[in-house]
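Worksheet: one structure, shown below.
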Amino acid sequence: MTDDLNRDEAFAEQIAAPLRAEVSADASFEARVMSAVHAIVRAEAEAADRHRNRSWWLRPFTVRLTPVLSLAAAAGVVALLAVEGALLRRPEASSVSSARSAGSAAVDTVHVVRFVFVDPSARSVALVGTFNAWQKGRTPLRLTRVDGVWSVSVPLSVGRHEYAFVVSDGKTERWVADPTTESQMDDFGTESSVIAVRNDSAL
Amino acid sequence: MLAGKSDTFAILVRRYQDAYVRYATRMLGNRDDADDALQSAFVRAFRSLGKCNDPSRFGAWLYSIVVNECRTLSARRTRRERRLVRGGEELEQLASPTAESSSADTADVQHALDQLAPEQREAFLLKYVEGQSYEEMSRLVGASESALKMRVMRACGRLRVILEAAGRSYDR
């Protein structure tokens, strides 16, 4: 048995000897590895950017209109949606108000809040909340000209409103709370978001 | 998170790129596959830097990734066309340029190695070419020492049969 082992050992040493010659990496090896590494770093930075943008895009903001303009509110909403591509690129809040209502804004102002949701895989998105009795058919978001960006503008009264998005990929529906605003759990453990509309709301 | 680490990682690539080329080349039988496996191992290591608990043992940690990568690639490409054949041009390049007989030996032995099961080839190379102890091999491969001894013994037996059938003779 010991003889067998010694014989195997000698045989292994003999055939392994030529295999021990040093081998060096190809001259371009480091450059190729680092190219792949830099691609990973770039992809990670882009993903972080997307996450930051998504956080902002999900944030609702308020547009204030006076009753004088309320008849034109629908047209105004259409106009807002038409310029949405530009607005989405400007994180600062927008505020539209009439000079005629400046002195009585507390009693006259109508608030239009634009909700934006980003999900390239969504087939439909609906806004549900206390303002529409949580009925998902009442306030659908529309796909904007920007891929994956859904939007709807909703007139809201002054006060506190709870809301969430119902997102469908064509097969299943999921309930999504807005991660950028205050949220709360109902008795069944479902998370929804909260928006407070004030007379001075102009986020 | 990884952005600040890429410059430091370049230093590690420079330091370790030659350390495991020989093992990868012998395990996979050709430089192209060895390069692929090593590149993949380095990239995987970069992605998983957070899992390297002891930076002072980066080399050993990377070694285990290389071994794993080679094993995976080897199993996937066992029957591939690019596998070296006896006397192949690439094998000639692997051998020492100053020793013609050594070149022929390398080609013969590599050809025999290529016919082993990947786990036997891995065990043989780690033991007799890379000079690892069974304890080190066990940590690296994740198999018990007794299992590794068995793999080495079977590898030796099989290599002897293949090489003797090719006309080489060894002490019995």
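Lettering and numbering for the structure tokens are positional, with chains as A, B, ... in the shown order, residues counted from 1 in each chain, and ligands counted from 1 in the shown order.
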Closest pair table for chain A residues within 9 Å of chain B, only C-alpha atoms, as CSV:
residue,atom,partner,partner_atom,distance
A:Asp4,CA,B:Arg172,CA,8.6
A:Leu5,CA,B:Met153,CA,8.6
A:Arg7,CA,B:Arg172,CA,6.8
A:Asp8,CA,B:Cys156,CA,6.6
A:Glu9,CA,B:Cys156,CA,8.6
A:Ala10,CA,B:Asp171,CA,8.6
A:Phe11,CA,B:Tyr170,CA,7.0
A:Ala12,CA,B:Cys156,CA,6.4
A:Glu13,CA,B:Tyr128,CA,6.5
A:Ile15,CA,B:Val109,CA,6.6
A:Ala16,CA,B:Val129,CA,5.7
A:Ala17,CA,B:Val129,CA,7.4
A:Pro18,CA,B:Thr106,CA,5.5
A:Leu19,CA,B:Thr106,CA,6.0
A:Arg20,CA,B:Val129,CA,5.6
A:Ala21,CA,B:Ser96,CA,6.4
A:Glu22,CA,B:Arg22,CA,6.5
A:Val23,CA,B:Arg22,CA,5.1
A:Ser24,CA,B:Asp18,CA,5.1
A:Ala25,CA,B:Asp18,CA,5.2
A:Asp26,CA,B:Asp35,CA,7.9
A:Phe29,CA,B:Asp35,CA,7.6
A:Glu30,CA,B:Val13,CA,6.3
A:Ala31,CA,B:Ala10,CA,9.0
A:Arg32,CA,B:Gln39,CA,7.7
A:Val33,CA,B:Gln39,CA,5.7
A:Met34,CA,B:Ala10,CA,6.6
A:Ala36,CA,B:Val43,CA,6.9
A:Val37,CA,B:Val43,CA,6.3
A:His38,CA,B:Ser6,CA,7.1
A:Ile40,CA,B:Arg47,CA,8.1
A:Val41,CA,B:Ala3,CA,5.3
A:Arg42,CA,B:Ala3,CA,8.0
A:Glu44,CA,B:Leu2,CA,7.9
A:Ala45,CA,B:Ala3,CA,7.9
Can you spit out the residues from that selection as a CSV table (one decimal), in the first residue's frame, using N, CA and C atoms?
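Contents of out-v7.csv, freshly written:
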chain,number,residue,atom,x,y,z
A,4,ASP,N,2.6,1.6,-3.2
A,4,ASP,CA,1.7,2.1,-4.3
A,4,ASP,C,1.6,3.6,-4.2
A,5,LEU,N,1.5,4.1,-2.9
A,5,LEU,CA,1.4,5.5,-2.7
A,5,LEU,C,2.7,6.2,-3.2
A,7,ARG,N,4.8,5.2,-5.4
A,7,ARG,CA,4.9,5.1,-6.8
A,7,ARG,C,4.0,6.1,-7.5
A,8,ASP,N,2.8,6.3,-7.0
A,8,ASP,CA,1.9,7.3,-7.5
A,8,ASP,C,2.5,8.7,-7.3
A,9,GLU,N,3.1,8.9,-6.1
A,9,GLU,CA,3.7,10.2,-5.8
A,9,GLU,C,4.8,10.5,-6.8
A,10,ALA,N,5.7,9.5,-7.1
A,10,ALA,CA,6.8,9.7,-8.0
A,10,ALA,C,6.3,10.0,-9.4
A,11,PHE,N,5.3,9.2,-9.8
A,11,PHE,CA,4.7,9.4,-11.1
A,11,PHE,C,4.0,10.8,-11.3
A,12,ALA,N,3.3,11.2,-10.2
A,12,ALA,CA,2.6,12.5,-10.3
A,12,ALA,C,3.7,13.6,-10.4
A,13,GLU,N,4.7,13.5,-9.6
A,13,GLU,CA,5.8,14.5,-9.6
A,13,GLU,C,6.4,14.6,-11.0
A,15,ILE,N,5.1,13.8,-14.0
A,15,ILE,CA,4.3,14.4,-15.1
A,15,ILE,C,3.9,15.8,-14.8
A,16,ALA,N,4.0,16.2,-13.5
A,16,ALA,CA,3.6,17.6,-13.1
A,16,ALA,C,4.7,18.6,-13.4
A,17,ALA,N,5.9,18.1,-13.4
A,17,ALA,CA,7.1,19.0,-13.6
A,17,ALA,C,7.0,19.9,-14.8
A,18,PRO,N,6.7,19.4,-16.0
A,18,PRO,CA,6.6,20.3,-17.1
A,18,PRO,C,5.4,21.3,-17.1
A,19,LEU,N,4.4,20.9,-16.3
A,19,LEU,CA,3.3,21.8,-16.2
A,19,LEU,C,3.5,23.0,-15.2
A,20,ARG,N,4.6,23.0,-14.5
A,20,ARG,CA,4.9,24.0,-13.6
A,20,ARG,C,5.5,25.2,-14.2
A,21,ALA,N,5.8,25.2,-15.5
A,21,ALA,CA,6.4,26.4,-16.1
A,21,ALA,C,5.5,27.6,-15.9
A,22,GLU,N,6.1,28.7,-15.6
A,22,GLU,CA,5.4,29.9,-15.4
A,22,GLU,C,4.6,30.4,-16.6
A,23,VAL,N,3.4,30.9,-16.4
A,23,VAL,CA,2.6,31.4,-17.5
A,23,VAL,C,2.2,32.8,-17.1
A,24,SER,N,2.3,33.8,-18.0
A,24,SER,CA,2.0,35.2,-17.6
A,24,SER,C,0.7,35.6,-18.3
A,25,ALA,N,0.0,36.5,-17.7
A,25,ALA,CA,-1.2,37.0,-18.2
A,25,ALA,C,-0.9,37.8,-19.5
A,26,ASP,N,-1.9,37.8,-20.4
A,26,ASP,CA,-1.8,38.5,-21.6
A,26,ASP,C,-1.6,40.0,-21.3
A,29,PHE,N,-4.6,42.1,-20.5
A,29,PHE,CA,-5.6,41.5,-19.6
A,29,PHE,C,-6.1,42.6,-18.6
A,30,GLU,N,-5.2,43.3,-18.0
A,30,GLU,CA,-5.6,44.3,-17.0
A,30,GLU,C,-6.6,45.3,-17.6
A,31,ALA,N,-6.3,45.8,-18.9
A,31,ALA,CA,-7.1,46.7,-19.5
A,31,ALA,C,-8.5,46.2,-19.7
A,32,ARG,N,-8.6,44.9,-20.1
A,32,ARG,CA,-9.9,44.3,-20.4
A,32,ARG,C,-10.7,44.1,-19.1
A,33,VAL,N,-10.0,43.7,-18.0
A,33,VAL,CA,-10.7,43.6,-16.7
A,33,VAL,C,-11.2,45.0,-16.2
A,34,MET,N,-10.3,46.0,-16.3
A,34,MET,CA,-10.7,47.3,-15.8
A,34,MET,C,-11.8,47.9,-16.7
A,36,ALA,N,-14.3,46.2,-18.0
A,36,ALA,CA,-15.5,45.6,-17.5
A,36,ALA,C,-15.9,46.2,-16.1
A,37,VAL,N,-14.8,46.5,-15.3
A,37,VAL,CA,-15.1,47.1,-14.0
A,37,VAL,C,-15.7,48.5,-14.1
A,38,HIS,N,-15.1,49.3,-15.0
A,38,HIS,CA,-15.6,50.6,-15.2
A,38,HIS,C,-17.1,50.6,-15.7
A,40,ILE,N,-19.3,48.4,-14.9
A,40,ILE,CA,-20.1,48.1,-13.7
A,40,ILE,C,-20.3,49.4,-12.9
A,41,VAL,N,-19.2,50.1,-12.8
A,41,VAL,CA,-19.3,51.4,-12.0
A,41,VAL,C,-20.3,52.4,-12.7
A,42,ARG,N,-20.2,52.5,-14.0
A,42,ARG,CA,-21.1,53.4,-14.7
A,42,ARG,C,-22.5,52.9,-14.6
A,44,GLU,N,-23.8,51.2,-12.2
A,44,GLU,CA,-24.3,51.5,-10.8
A,44,GLU,C,-24.7,53.0,-10.7
A,45,ALA,N,-23.8,53.8,-11.2
A,45,ALA,CA,-24.1,55.3,-11.1
A,45,ALA,C,-25.4,55.6,-11.8
So how far away is CA of Gly137 in chain A from CA of Ser183 in chain A, in Å?
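That distance, rounded to one decimal, is 22.5 Å.
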In terms of only C-alpha atoms, the residue from B:Gly50, B:Pro55, B:Gly29, B:Gly167 at minimal distance from Glu122 in chain B is B:Gly29
Find the residues around Asn68 in chain B up to 12 Å (only C-alpha atoms counted), leave out those fewer than 2 positions away in its own chain, and share them as a PyMOL selection string.
chain B and resi 23-24+27+37-38+40-42+44-45+61-66+70-75+118-119+122+140-142
Atom-to-atom span, CA of His161 in chain A and CA of Val125 in chain A, Å:
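Computing it gives 18.7 Å between the two atoms.
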Out of range 155-200 of chain A, which residues get strand (DSSP E) from DSSP, as an MDAnalysis selection string?
chainID A and resid 155:156 159:168 173:176 183:185 191:197
Since we have the selection now, will you write its residues out, keeping N, CA and C atoms, as a short mmCIF file (atom, residue, chain, number, x, y, z; two decimals), in the first residue's frame?
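The result, written out as part.cif:
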data_model
loop_
_atom_site.label_atom_id
_atom_site.label_comp_id
_atom_site.auth_asym_id
_atom_site.auth_seq_id
_atom_site.Cartn_x
_atom_site.Cartn_y
_atom_site.Cartn_z
N PRO A 155 -58.09 67.79 -9.11
CA PRO A 155 -58.45 68.91 -8.23
C PRO A 155 -58.73 68.37 -6.82
N LEU A 156 -58.09 68.96 -5.84
CA LEU A 156 -58.26 68.50 -4.46
C LEU A 156 -58.64 69.65 -3.55
N GLY A 159 -56.97 70.13 2.76
CA GLY A 159 -57.10 69.09 3.78
C GLY A 159 -56.13 67.96 3.53
N ARG A 160 -56.39 66.88 4.26
CA ARG A 160 -55.48 65.74 4.21
C ARG A 160 -56.09 64.65 3.34
N HIS A 161 -55.31 64.13 2.43
CA HIS A 161 -55.82 63.09 1.52
C HIS A 161 -54.88 61.89 1.54
N GLU A 162 -55.49 60.72 1.56
CA GLU A 162 -54.69 59.49 1.47
C GLU A 162 -54.78 58.97 0.04
N TYR A 163 -53.70 58.36 -0.45
CA TYR A 163 -53.74 57.86 -1.82
C TYR A 163 -52.72 56.75 -2.03
N ALA A 164 -52.86 56.09 -3.15
CA ALA A 164 -51.89 55.07 -3.58
C ALA A 164 -52.08 54.86 -5.08
N PHE A 165 -51.14 54.14 -5.68
CA PHE A 165 -51.27 53.82 -7.10
C PHE A 165 -51.60 52.33 -7.24
N VAL A 166 -52.47 52.02 -8.20
CA VAL A 166 -52.73 50.61 -8.52
C VAL A 166 -52.11 50.36 -9.90
N VAL A 167 -51.10 49.52 -9.91
CA VAL A 167 -50.31 49.33 -11.13
C VAL A 167 -50.57 47.93 -11.69
N SER A 168 -50.85 47.88 -12.98
CA SER A 168 -51.09 46.58 -13.62
C SER A 168 -50.05 46.35 -14.72
N GLU A 173 -52.11 42.92 -10.67
CA GLU A 173 -52.19 44.29 -10.17
C GLU A 173 -51.44 44.38 -8.85
N ARG A 174 -50.76 45.48 -8.63
CA ARG A 174 -50.13 45.68 -7.33
C ARG A 174 -50.43 47.08 -6.84
N TRP A 175 -50.41 47.18 -5.56
CA TRP A 175 -50.73 48.42 -4.85
C TRP A 175 -49.40 49.06 -4.46
N VAL A 176 -49.18 50.30 -4.86
CA VAL A 176 -47.89 50.93 -4.60
C VAL A 176 -48.11 52.25 -3.87
N SER A 183 -46.38 58.11 4.84
CA SER A 183 -47.25 56.96 4.55
C SER A 183 -47.87 56.46 5.85
N GLN A 184 -48.87 55.63 5.67
CA GLN A 184 -49.53 55.04 6.84
C GLN A 184 -50.08 53.68 6.49
N MET A 185 -50.28 52.87 7.52
CA MET A 185 -50.82 51.52 7.33
C MET A 185 -52.27 51.50 7.76
N GLU A 191 -50.25 49.70 2.93
CA GLU A 191 -49.62 51.01 3.06
C GLU A 191 -50.22 51.98 2.04
N SER A 192 -50.53 53.19 2.49
CA SER A 192 -50.95 54.24 1.56
C SER A 192 -50.19 55.51 1.92
N SER A 193 -50.24 56.48 1.01
CA SER A 193 -49.50 57.72 1.21
C SER A 193 -50.45 58.84 1.63
N VAL A 194 -49.85 59.89 2.12
CA VAL A 194 -50.67 61.01 2.61
C VAL A 194 -50.18 62.30 2.00
N ILE A 195 -51.10 63.10 1.50
CA ILE A 195 -50.73 64.43 1.03
C ILE A 195 -51.61 65.45 1.76
N ALA A 196 -51.02 66.52 2.25
CA ALA A 196 -51.76 67.58 2.93
C ALA A 196 -51.83 68.79 2.00
N VAL A 197 -53.04 69.15 1.61
CA VAL A 197 -53.22 70.32 0.73
C VAL A 197 -53.61 71.51 1.59
#
Set the distance at 12 Å and use only C-alpha atoms: which residues neighbour Ser146 in chain B once local chain neighbours fewer than 6 positions away are removed? I'd like the list as a ChimeraX atom specification.
/B:123,134-135,137-138,152-153
Next, dump the selected residues to file, keeping only C-alpha atoms, as a CSV table (one decimal), in the first residue's frame.
chain,number,residue,atom,x,y,z
B,123,ALA,CA,-7.5,18.1,-7.6
B,134,TYR,CA,-4.9,18.8,1.2
B,135,GLU,CA,-6.0,21.2,4.0
B,137,MET,CA,-7.3,22.4,-1.1
B,138,SER,CA,-10.2,21.5,1.2
B,152,VAL,CA,-6.0,12.8,-6.8
B,153,MET,CA,-5.4,9.0,-6.6
